[in-house]
$ cat final.cif   # mmCIF, C-alpha atoms
data_structure
loop_
_atom_site.label_atom_id
_atom_site.label_comp_id
_atom_site.auth_asym_id
_atom_site.auth_seq_id
_atom_site.Cartn_x
_atom_site.Cartn_y
_atom_site.Cartn_z
CA MET Y 118 140.27 69.68 90.91
CA LEU Y 119 136.86 70.93 89.91
CA GLU Y 120 134.10 70.96 92.51
CA PRO Y 121 130.99 68.97 91.54
CA VAL Y 122 128.16 71.19 90.37
CA PRO Y 123 125.07 70.72 92.58
CA ASP Y 124 121.90 69.65 90.86
CA PRO Y 125 119.55 72.70 91.03
CA SER Y 126 116.52 70.40 90.96
CA TYR Y 127 117.63 68.59 94.11
CA ILE Y 128 115.48 69.22 97.16
CA PRO Y 129 116.90 67.89 100.44
CA GLU Y 130 114.61 65.47 102.21
CA ARG Y 131 112.95 66.97 105.23
CA ARG Y 132 113.75 65.24 108.49
CA ARG Y 133 110.85 63.24 109.90
CA VAL Y 134 109.40 64.79 113.01
CA LEU Y 135 109.37 62.38 115.93
CA PRO Y 136 106.20 61.93 118.05
CA LEU Y 137 108.11 62.99 121.16
CA GLU Y 138 109.05 66.25 119.42
CA ARG Y 139 105.40 66.91 118.64
CA VAL Y 140 104.46 66.28 122.27
CA GLY Y 141 107.25 68.55 123.46
CA ALA Y 142 106.14 71.33 121.12
CA LEU Y 143 102.54 70.97 122.30
CA VAL Y 144 103.62 71.15 125.95
CA GLU Y 145 105.63 74.31 125.27
CA ILE Y 146 102.66 75.87 123.48
CA LEU Y 147 100.29 75.05 126.34
CA ILE Y 148 102.71 76.46 128.92
CA CYS Y 149 103.09 79.68 126.93
CA SER Y 150 99.38 79.98 126.11
CA GLY Y 151 98.81 82.24 129.11
CA PHE Y 152 96.32 80.07 130.96
CA PRO Y 153 98.74 78.08 133.20
CA THR Y 154 100.82 81.16 134.00
CA GLN Y 155 97.79 83.28 134.87
CA VAL Y 156 96.34 80.57 137.11
CA LEU Y 157 99.68 80.26 138.87
CA LEU Y 158 100.00 84.02 139.34
CA ILE Y 159 96.42 84.35 140.60
CA VAL Y 160 97.06 81.67 143.24
CA VAL Y 161 100.34 83.30 144.28
CA MET Y 162 98.94 86.83 144.38
CA GLN Y 163 95.91 85.78 146.39
CA GLY Y 164 98.20 83.78 148.64
CA PHE Y 165 100.01 87.03 149.44
CA GLY Y 166 96.68 88.59 150.35
CA MET Y 167 96.01 90.62 147.21
CA PRO Y 168 92.23 90.67 146.59
CA MET Y 169 90.96 89.98 143.08
CA HIS Y 170 87.80 92.04 143.54
CA ALA Y 171 87.26 95.53 144.87
CA ALA Y 172 84.72 96.45 147.55
CA ASN Y 173 82.08 97.14 144.86
CA GLY Y 174 82.36 93.57 143.56
CA HIS Y 175 84.10 94.52 140.32
CA LEU Y 176 87.56 93.33 139.37
CA SER Y 177 90.27 95.19 141.25
CA PRO Y 178 92.26 97.44 138.89
CA ALA Y 179 95.45 96.92 140.90
CA PHE Y 180 95.04 93.14 140.77
CA VAL Y 181 94.32 93.02 137.02
CA PHE Y 182 97.12 95.45 136.15
CA THR Y 183 99.66 93.57 138.26
CA LEU Y 184 98.53 90.18 136.95
CA SER Y 185 98.72 91.32 133.33
CA LEU Y 186 102.21 92.79 133.61
CA LEU Y 187 103.64 89.85 135.59
CA ASP Y 188 102.10 87.38 133.15
CA ALA Y 189 103.58 89.29 130.21
CA LEU Y 190 107.05 89.08 131.76
CA LEU Y 191 106.61 85.40 132.61
CA VAL Y 192 105.29 84.35 129.19
CA VAL Y 193 107.91 86.28 127.23
CA GLY Y 194 110.60 84.83 129.49
CA LEU Y 195 109.29 81.30 128.91
CA VAL Y 196 109.20 81.79 125.14
CA VAL Y 197 112.80 83.02 125.13
CA THR Y 198 113.83 80.12 127.38
CA PHE Y 199 112.20 77.48 125.16
CA LEU Y 200 113.71 78.96 122.00
CA ARG Y 201 117.19 79.02 123.49
CA ALA Y 202 116.74 75.48 124.79
CA HIS Y 203 116.31 74.46 121.13
CA HIS Y 204 119.38 76.53 120.18
CA GLU Y 205 117.17 78.99 118.32
CA SER Y 206 117.65 82.74 118.27
CA PRO Y 207 114.68 84.56 119.90
CA ARG Y 208 115.56 87.64 117.86
CA GLN Y 209 115.51 85.67 114.61
CA VAL Y 210 112.27 83.84 115.39
CA LEU Y 211 110.36 86.81 116.79
CA LEU Y 212 111.85 89.87 115.09
CA GLY Y 213 113.18 88.30 111.90
CA ASN Y 214 115.35 90.00 109.30
CA VAL Y 215 113.37 93.17 108.90
CA ARG Y 216 113.84 96.88 109.33
CA VAL Y 217 112.06 97.58 112.59
CA PHE Y 218 111.04 101.13 111.71
CA ARG Y 219 109.57 100.05 108.38
CA GLU Y 220 107.70 97.20 110.03
CA GLY Y 221 106.36 99.63 112.61
CA LEU Y 222 105.00 101.81 109.83
CA LEU Y 223 103.41 98.74 108.26
CA GLY Y 224 101.71 97.95 111.54
CA LEU Y 225 100.46 101.53 111.72
CA ALA Y 226 99.16 101.30 108.15
CA THR Y 227 97.03 98.27 109.02
CA LEU Y 228 94.99 100.15 111.62
CA PRO Y 229 92.28 101.47 109.25
CA GLY Y 230 91.74 97.96 107.90
CA VAL Y 231 91.67 96.52 111.43
CA PHE Y 232 89.02 98.99 112.56
CA MET Y 233 87.00 98.41 109.38
CA LEU Y 234 87.11 94.64 109.93
CA VAL Y 235 85.91 94.90 113.52
CA THR Y 236 83.15 97.33 112.58
CA LEU Y 237 81.90 95.18 109.69
CA VAL Y 238 81.97 91.99 111.77
CA LEU Y 239 80.04 93.59 114.64
CA ILE Y 240 77.48 95.08 112.24
CA LEU Y 241 77.05 91.76 110.43
CA VAL Y 242 76.72 89.78 113.66
CA GLY Y 243 74.27 92.37 115.00
CA ARG Y 244 72.02 91.92 111.97
CA VAL Y 245 72.30 88.18 111.50
CA ALA Y 246 72.46 87.07 115.14
CA PRO Y 247 71.70 90.01 117.48
CA GLN Y 248 71.44 87.63 120.43
CA LEU Y 249 75.23 87.29 120.31
CA HIS Y 250 75.51 90.85 121.63
CA ASN Y 251 75.01 89.61 125.17
CA VAL Y 252 77.26 92.06 127.06
CA SER Y 253 76.33 95.74 127.06
CA THR Y 254 79.30 97.00 129.09
CA ASN Y 255 82.88 95.81 128.78
CA PRO Y 256 83.86 94.53 132.25
CA PHE Y 257 87.21 96.30 132.00
CA GLU Y 258 85.42 99.63 131.75
CA ASP Y 259 84.35 99.23 135.38
CA MET Y 260 88.01 99.45 136.41
CA LEU Y 261 88.61 102.88 134.89
CA HIS Y 262 87.64 105.30 137.63
CA THR Y 263 90.44 107.86 137.44
CA ARG Y 264 92.85 109.31 134.89
CA THR Y 265 95.62 107.33 136.57
CA ASP Y 266 93.68 104.10 136.02
CA ALA Y 267 93.36 104.99 132.32
CA ILE Y 268 97.09 105.74 131.94
CA ILE Y 269 98.10 102.54 133.71
CA PHE Y 270 95.60 100.55 131.68
CA GLY Y 271 97.02 102.06 128.49
CA VAL Y 272 100.49 100.82 129.44
CA VAL Y 273 99.06 97.42 130.33
CA VAL Y 274 97.27 96.92 127.00
CA MET Y 275 100.42 97.89 125.11
CA ILE Y 276 102.57 95.39 127.01
CA ALA Y 277 100.16 92.60 127.92
CA GLY Y 278 98.16 92.92 124.73
CA GLY Y 279 100.44 94.22 122.03
CA VAL Y 280 103.69 92.58 123.13
CA ARG Y 281 102.81 89.44 125.12
CA GLU Y 282 100.00 88.20 122.89
CA GLU Y 283 101.97 88.73 119.70
CA VAL Y 284 105.01 86.98 121.17
CA GLN Y 285 102.68 84.10 122.03
CA ARG Y 286 101.16 84.11 118.56
CA GLY Y 287 104.54 84.21 116.83
CA PHE Y 288 105.94 81.43 119.02
CA ILE Y 289 102.88 79.22 118.52
CA ALA Y 290 102.96 79.75 114.74
CA HIS Y 291 106.68 78.94 114.76
CA ARG Y 292 106.25 75.71 116.74
CA PHE Y 293 103.30 74.59 114.64
CA GLY Y 294 105.36 75.25 111.54
CA GLN Y 295 108.15 73.05 112.87
CA TYR Y 296 106.30 70.14 114.46
CA LEU Y 297 102.50 70.35 114.27
CA GLY Y 298 101.37 70.64 110.68
CA GLY Y 299 102.12 74.21 109.67
CA ALA Y 300 102.13 77.79 110.93
CA LEU Y 301 98.69 78.48 109.42
CA TRP Y 302 97.17 75.77 111.61
CA GLY Y 303 98.90 77.36 114.56
CA ILE Y 304 97.38 80.78 114.13
CA ALA Y 305 93.98 79.26 113.32
CA VAL Y 306 93.96 77.25 116.55
CA TYR Y 307 95.35 80.09 118.62
CA SER Y 308 92.82 82.54 117.17
CA VAL Y 309 89.98 80.38 118.45
CA PHE Y 310 91.41 80.41 121.97
CA PHE Y 311 92.38 84.07 121.64
CA GLY Y 312 88.79 84.98 120.87
CA ALA Y 313 87.40 82.67 123.57
CA ALA Y 314 89.64 84.36 126.18
CA HIS Y 315 87.61 87.55 125.59
CA ILE Y 316 84.21 85.90 125.96
CA ASP Y 317 83.45 88.06 129.00
CA GLN Y 318 83.20 90.98 126.54
CA GLY Y 319 80.38 89.26 124.66
CA TYR Y 320 79.96 86.59 122.01
CA ASP Y 321 80.07 89.14 119.21
CA ALA Y 322 83.32 90.57 120.54
CA THR Y 323 84.70 87.04 120.80
CA ILE Y 324 84.14 86.50 117.07
CA ALA Y 325 85.61 89.87 116.10
CA ILE Y 326 88.67 89.48 118.34
CA GLY Y 327 89.27 85.93 117.10
CA LEU Y 328 89.31 87.20 113.51
CA LEU Y 329 91.65 90.01 114.50
CA GLY Y 330 94.01 87.48 116.02
CA PHE Y 331 93.96 85.50 112.79
CA ILE Y 332 94.80 88.64 110.76
CA TRP Y 333 97.70 89.49 113.06
CA GLY Y 334 98.87 85.89 112.77
CA LEU Y 335 98.82 86.08 108.98
CA LEU Y 336 100.84 89.27 109.24
CA TYR Y 337 103.46 87.45 111.32
CA ILE Y 338 103.63 84.56 108.86
CA SER Y 339 104.00 86.87 105.88
CA ARG Y 340 106.68 89.01 107.52
CA ARG Y 341 108.26 86.44 109.83
CA SER Y 342 108.37 89.19 112.42
CA ILE Y 343 106.12 90.27 115.28
CA VAL Y 344 107.00 93.96 114.92
CA ALA Y 345 104.09 94.94 112.65
CA PRO Y 346 101.53 92.84 114.59
CA VAL Y 347 102.76 94.30 117.91
CA VAL Y 348 102.35 97.87 116.66
CA SER Y 349 98.96 97.15 115.07
CA HIS Y 350 97.64 95.27 118.11
CA GLY Y 351 98.98 97.69 120.70
CA LEU Y 352 97.71 100.82 118.93
CA PHE Y 353 94.33 99.19 118.31
CA ASP Y 354 93.94 98.47 122.03
CA VAL Y 355 95.01 102.00 122.97
CA ALA Y 356 92.60 103.47 120.42
CA GLN Y 357 89.77 101.41 121.91
CA LEU Y 358 90.69 102.77 125.34
CA LEU Y 359 90.75 106.36 124.07
CA LYS Y 360 87.38 105.86 122.39
CA PHE Y 361 85.88 104.68 125.66
CA LEU Y 362 87.35 107.63 127.56
CA ALA Y 363 86.04 110.06 124.95
CA PHE Y 364 82.51 108.71 125.21
CA ALA Y 365 82.70 108.49 129.00
CA ALA Y 366 83.68 112.17 129.20
CA ARG Y 367 80.45 113.24 127.48
#
$ encode --input "final.cif" --output "structure tokens"
Amino acid sequence: MLEPVPDPSYIPERRRVLPLERVGALVEILICSGFPTQVLLIVVMQGFGMPMHAANGHLSPAFVFTLSLLDALLVVGLVVTFLRAHHESPRQVLLGNVRVFREGLLGLATLPGVFMLVTLVLILVGRVAPQLHNVSTNPFEDMLHTRTDAIIFGVVVMIAGGVREEVQRGFIAHRFGQYLGGALWGIAVYSVFFGAAHIDQGYDATIAIGLLGFIWGLLYISRRSIVAPVVSHGLFDVAQLLKFLAFAAR
């Protein structure tokens, strides 16, 4: 008996997303956004007697480093947990079907464009609205007193910046794509908050970092993998650290 030939023009009807599913996705996104987990960790760490500020009034390097690494572990763990709760593969959602080495090279190749974008944005903002350059010294620079601080901070920015933030971005884009109007909306919304989270570095830096987040989000959407964004983001942060150390050594 011959099997019926499927109609190539047939497009299966997409299942209607229920309001409760949208609420659930939004709750997961908020939990994994980094704000609730960081608040929780700050309360716990201070409860154990770990001071947030050093004797000079600046942020304590030990506190910030510990907070960043613990939050990275917690957020990544939550993302994996939520994906598995939906019977989704974390590897498939976050890494995709790509060759990791090739994606890493792609991330490396984006670095010149990333630096050019940041430079152009900061120059443009400086000319059009110089008042937005309201912070002369990055507050994180005050934590780098020794070579050990710089090495530890380099590890932190790779893990807490490159890995955690791109896992967050990929997860948020994925959930928006499923339940909340599309992945592009997800990275647009997250980029606003991503930039705002760096407001202590200045309004101009907030704009530049928000745009960077959007570019890394587009890279995830186009590749369906966080590998290239992780490499690009992590190396960009490390390069910024090395630039600061080079100028500080003069």
$ closest_residue --input "final.cif" --among "Y:Glu138, Y:Asp266, Y:Glu282, Y:Glu145" --to "Trp333 (chain Y)" --atoms "only C-alpha atoms"
Y:Glu282
$ residues_around --input "final.cif" --residues "region 315-323 of chain Y" --least-positions-apart "6" --cutoff "12 Å" --atoms "all atoms listed in the file" --output "PDB file with C-alpha atoms, in the coordinates of the input"
ATOM      1  CA  LEU Y 234      87.110  94.640 109.930  1.00  0.00           C
ATOM      2  CA  VAL Y 235      85.910  94.900 113.520  1.00  0.00           C
ATOM      3  CA  THR Y 236      83.150  97.330 112.580  1.00  0.00           C
ATOM      4  CA  LEU Y 237      81.900  95.180 109.690  1.00  0.00           C
ATOM      5  CA  VAL Y 238      81.970  91.990 111.770  1.00  0.00           C
ATOM      6  CA  LEU Y 239      80.040  93.590 114.640  1.00  0.00           C
ATOM      7  CA  ILE Y 240      77.480  95.080 112.240  1.00  0.00           C
ATOM      8  CA  LEU Y 241      77.050  91.760 110.430  1.00  0.00           C
ATOM      9  CA  VAL Y 242      76.720  89.780 113.660  1.00  0.00           C
ATOM     10  CA  GLY Y 243      74.270  92.370 115.000  1.00  0.00           C
ATOM     11  CA  ARG Y 244      72.020  91.920 111.970  1.00  0.00           C
ATOM     12  CA  VAL Y 245      72.300  88.180 111.500  1.00  0.00           C
ATOM     13  CA  ALA Y 246      72.460  87.070 115.140  1.00  0.00           C
ATOM     14  CA  PRO Y 247      71.700  90.010 117.480  1.00  0.00           C
ATOM     15  CA  GLN Y 248      71.440  87.630 120.430  1.00  0.00           C
ATOM     16  CA  LEU Y 249      75.230  87.290 120.310  1.00  0.00           C
ATOM     17  CA  HIS Y 250      75.510  90.850 121.630  1.00  0.00           C
ATOM     18  CA  ASN Y 251      75.010  89.610 125.170  1.00  0.00           C
ATOM     19  CA  VAL Y 252      77.260  92.060 127.060  1.00  0.00           C
ATOM     20  CA  SER Y 253      76.330  95.740 127.060  1.00  0.00           C
ATOM     21  CA  THR Y 254      79.300  97.000 129.090  1.00  0.00           C
ATOM     22  CA  ASN Y 255      82.880  95.810 128.780  1.00  0.00           C
ATOM     23  CA  PRO Y 256      83.860  94.530 132.250  1.00  0.00           C
ATOM     24  CA  PHE Y 257      87.210  96.300 132.000  1.00  0.00           C
ATOM     25  CA  GLU Y 258      85.420  99.630 131.750  1.00  0.00           C
ATOM     26  CA  GLY Y 278      98.160  92.920 124.730  1.00  0.00           C
ATOM     27  CA  SER Y 308      92.820  82.540 117.170  1.00  0.00           C
ATOM     28  CA  VAL Y 309      89.980  80.380 118.450  1.00  0.00           C
ATOM     29  CA  LEU Y 329      91.650  90.010 114.500  1.00  0.00           C
ATOM     30  CA  GLY Y 330      94.010  87.480 116.020  1.00  0.00           C
TER      31      GLY Y 330
END
$ closest_residue --input "final.cif" --among "Y:Gln357, Y:Asn214, Y:Thr183, Y:Thr265" --to "Met162 (chain Y)" --atoms "all atoms listed in the file"
Y:Thr183
$ resolve_selection --input "final.cif" --expression "the PyMOL selection byres ((chain Y and resi 359) around 12)" --output "list in words"
Glu258, Leu261, Arg264, Ala267, Ile268, Phe270, Gly271, Val274, Leu352, Phe353, Asp354, Val355, Ala356, Gln357, Leu358, Lys360, Phe361, Leu362, Ala363, Phe364, Ala365 and Ala366 of chain Y
$ resolve_selection --input "final.cif" --expression "the PyMOL selection byres ((chain Y and resi 184) around 10)" --output "PyMOL selection string"
chain Y and resi 154-156+158-159+162+169+178-183+185-189+273+277
$ atom_distance --input "final.cif" --atom1 "CA of His170 (chain Y)" --atom2 "CA of Ile269 (chain Y)"
17.7 Å
$ closest_residue --input "final.cif" --among "Y:Leu137, Y:Leu176, Y:Cys149, Y:Leu212" --to "Arg340 (chain Y)" --atoms "all atoms listed in the file"
Y:Leu212
$ atom_distance --input "final.cif" --atom1 "CA of Gly298 (chain Y)" --atom2 "CA of Gly334 (chain Y)"
15.6 Å
$ resolve_selection --input "final.cif" --expression "the PyMOL selection byres ((chain Y and resi 220) around 10)" --output "list of chain:residue names"
Y:Leu212, Y:Val215, Y:Arg216, Y:Val217, Y:Phe218, Y:Arg219, Y:Gly221, Y:Leu222, Y:Leu223, Y:Gly224, Y:Leu225, Y:Ala226, Y:Arg340, Y:Ser342, Y:Ile343, Y:Val344, Y:Ala345, Y:Pro346, Y:Val347, Y:Val348
$ residues_around --input "final.cif" --residues "Ala305 (chain Y)" --least-positions-apart "4" --cutoff "12 Å" --atoms "only C-alpha atoms" --output "list of chain:residue names"
Y:Arg286, Y:Ile289, Y:Ala290, Y:Phe293, Y:Gly298, Y:Gly299, Y:Ala300, Y:Leu301, Y:Val309, Y:Phe310, Y:Phe311, Y:Gly312, Y:Gly327, Y:Leu328, Y:Leu329, Y:Gly330, Y:Phe331, Y:Ile332, Y:Trp333, Y:Gly334, Y:Leu335, Y:Ile338
$ atom_distance --input "final.cif" --atom1 "CA of Tyr337 (chain Y)" --atom2 "CA of Val284 (chain Y)"
10.0 Å
$ axis_aligned_box --input "final.cif" --around "region 244-255 of chain Y" --padding-each-side "5 Å" --output "AutoDock Vina command-line options"
--center_x 77.2 --center_y 92.0 --center_z 120.3 --size_x 21.4 --size_y 19.9 --size_z 27.6
$ closest_residue --input "final.cif" --among "Y:Leu191, Y:Arg208, Y:Arg281, Y:Phe199" --to "Leu157 (chain Y)" --atoms "all atoms listed in the file"
Y:Leu191
$ closest_residue --input "final.cif" --among "Y:Ala314, Y:Asn173, Y:Phe288, Y:Gly279" --to "Val210 (chain Y)" --atoms "all atoms listed in the file"
Y:Phe288
$ closest_residue --input "final.cif" --among "Y:His291, Y:Arg139, Y:His175, Y:Arg341" --to "Glu205 (chain Y)" --atoms "all atoms listed in the file"
Y:His291
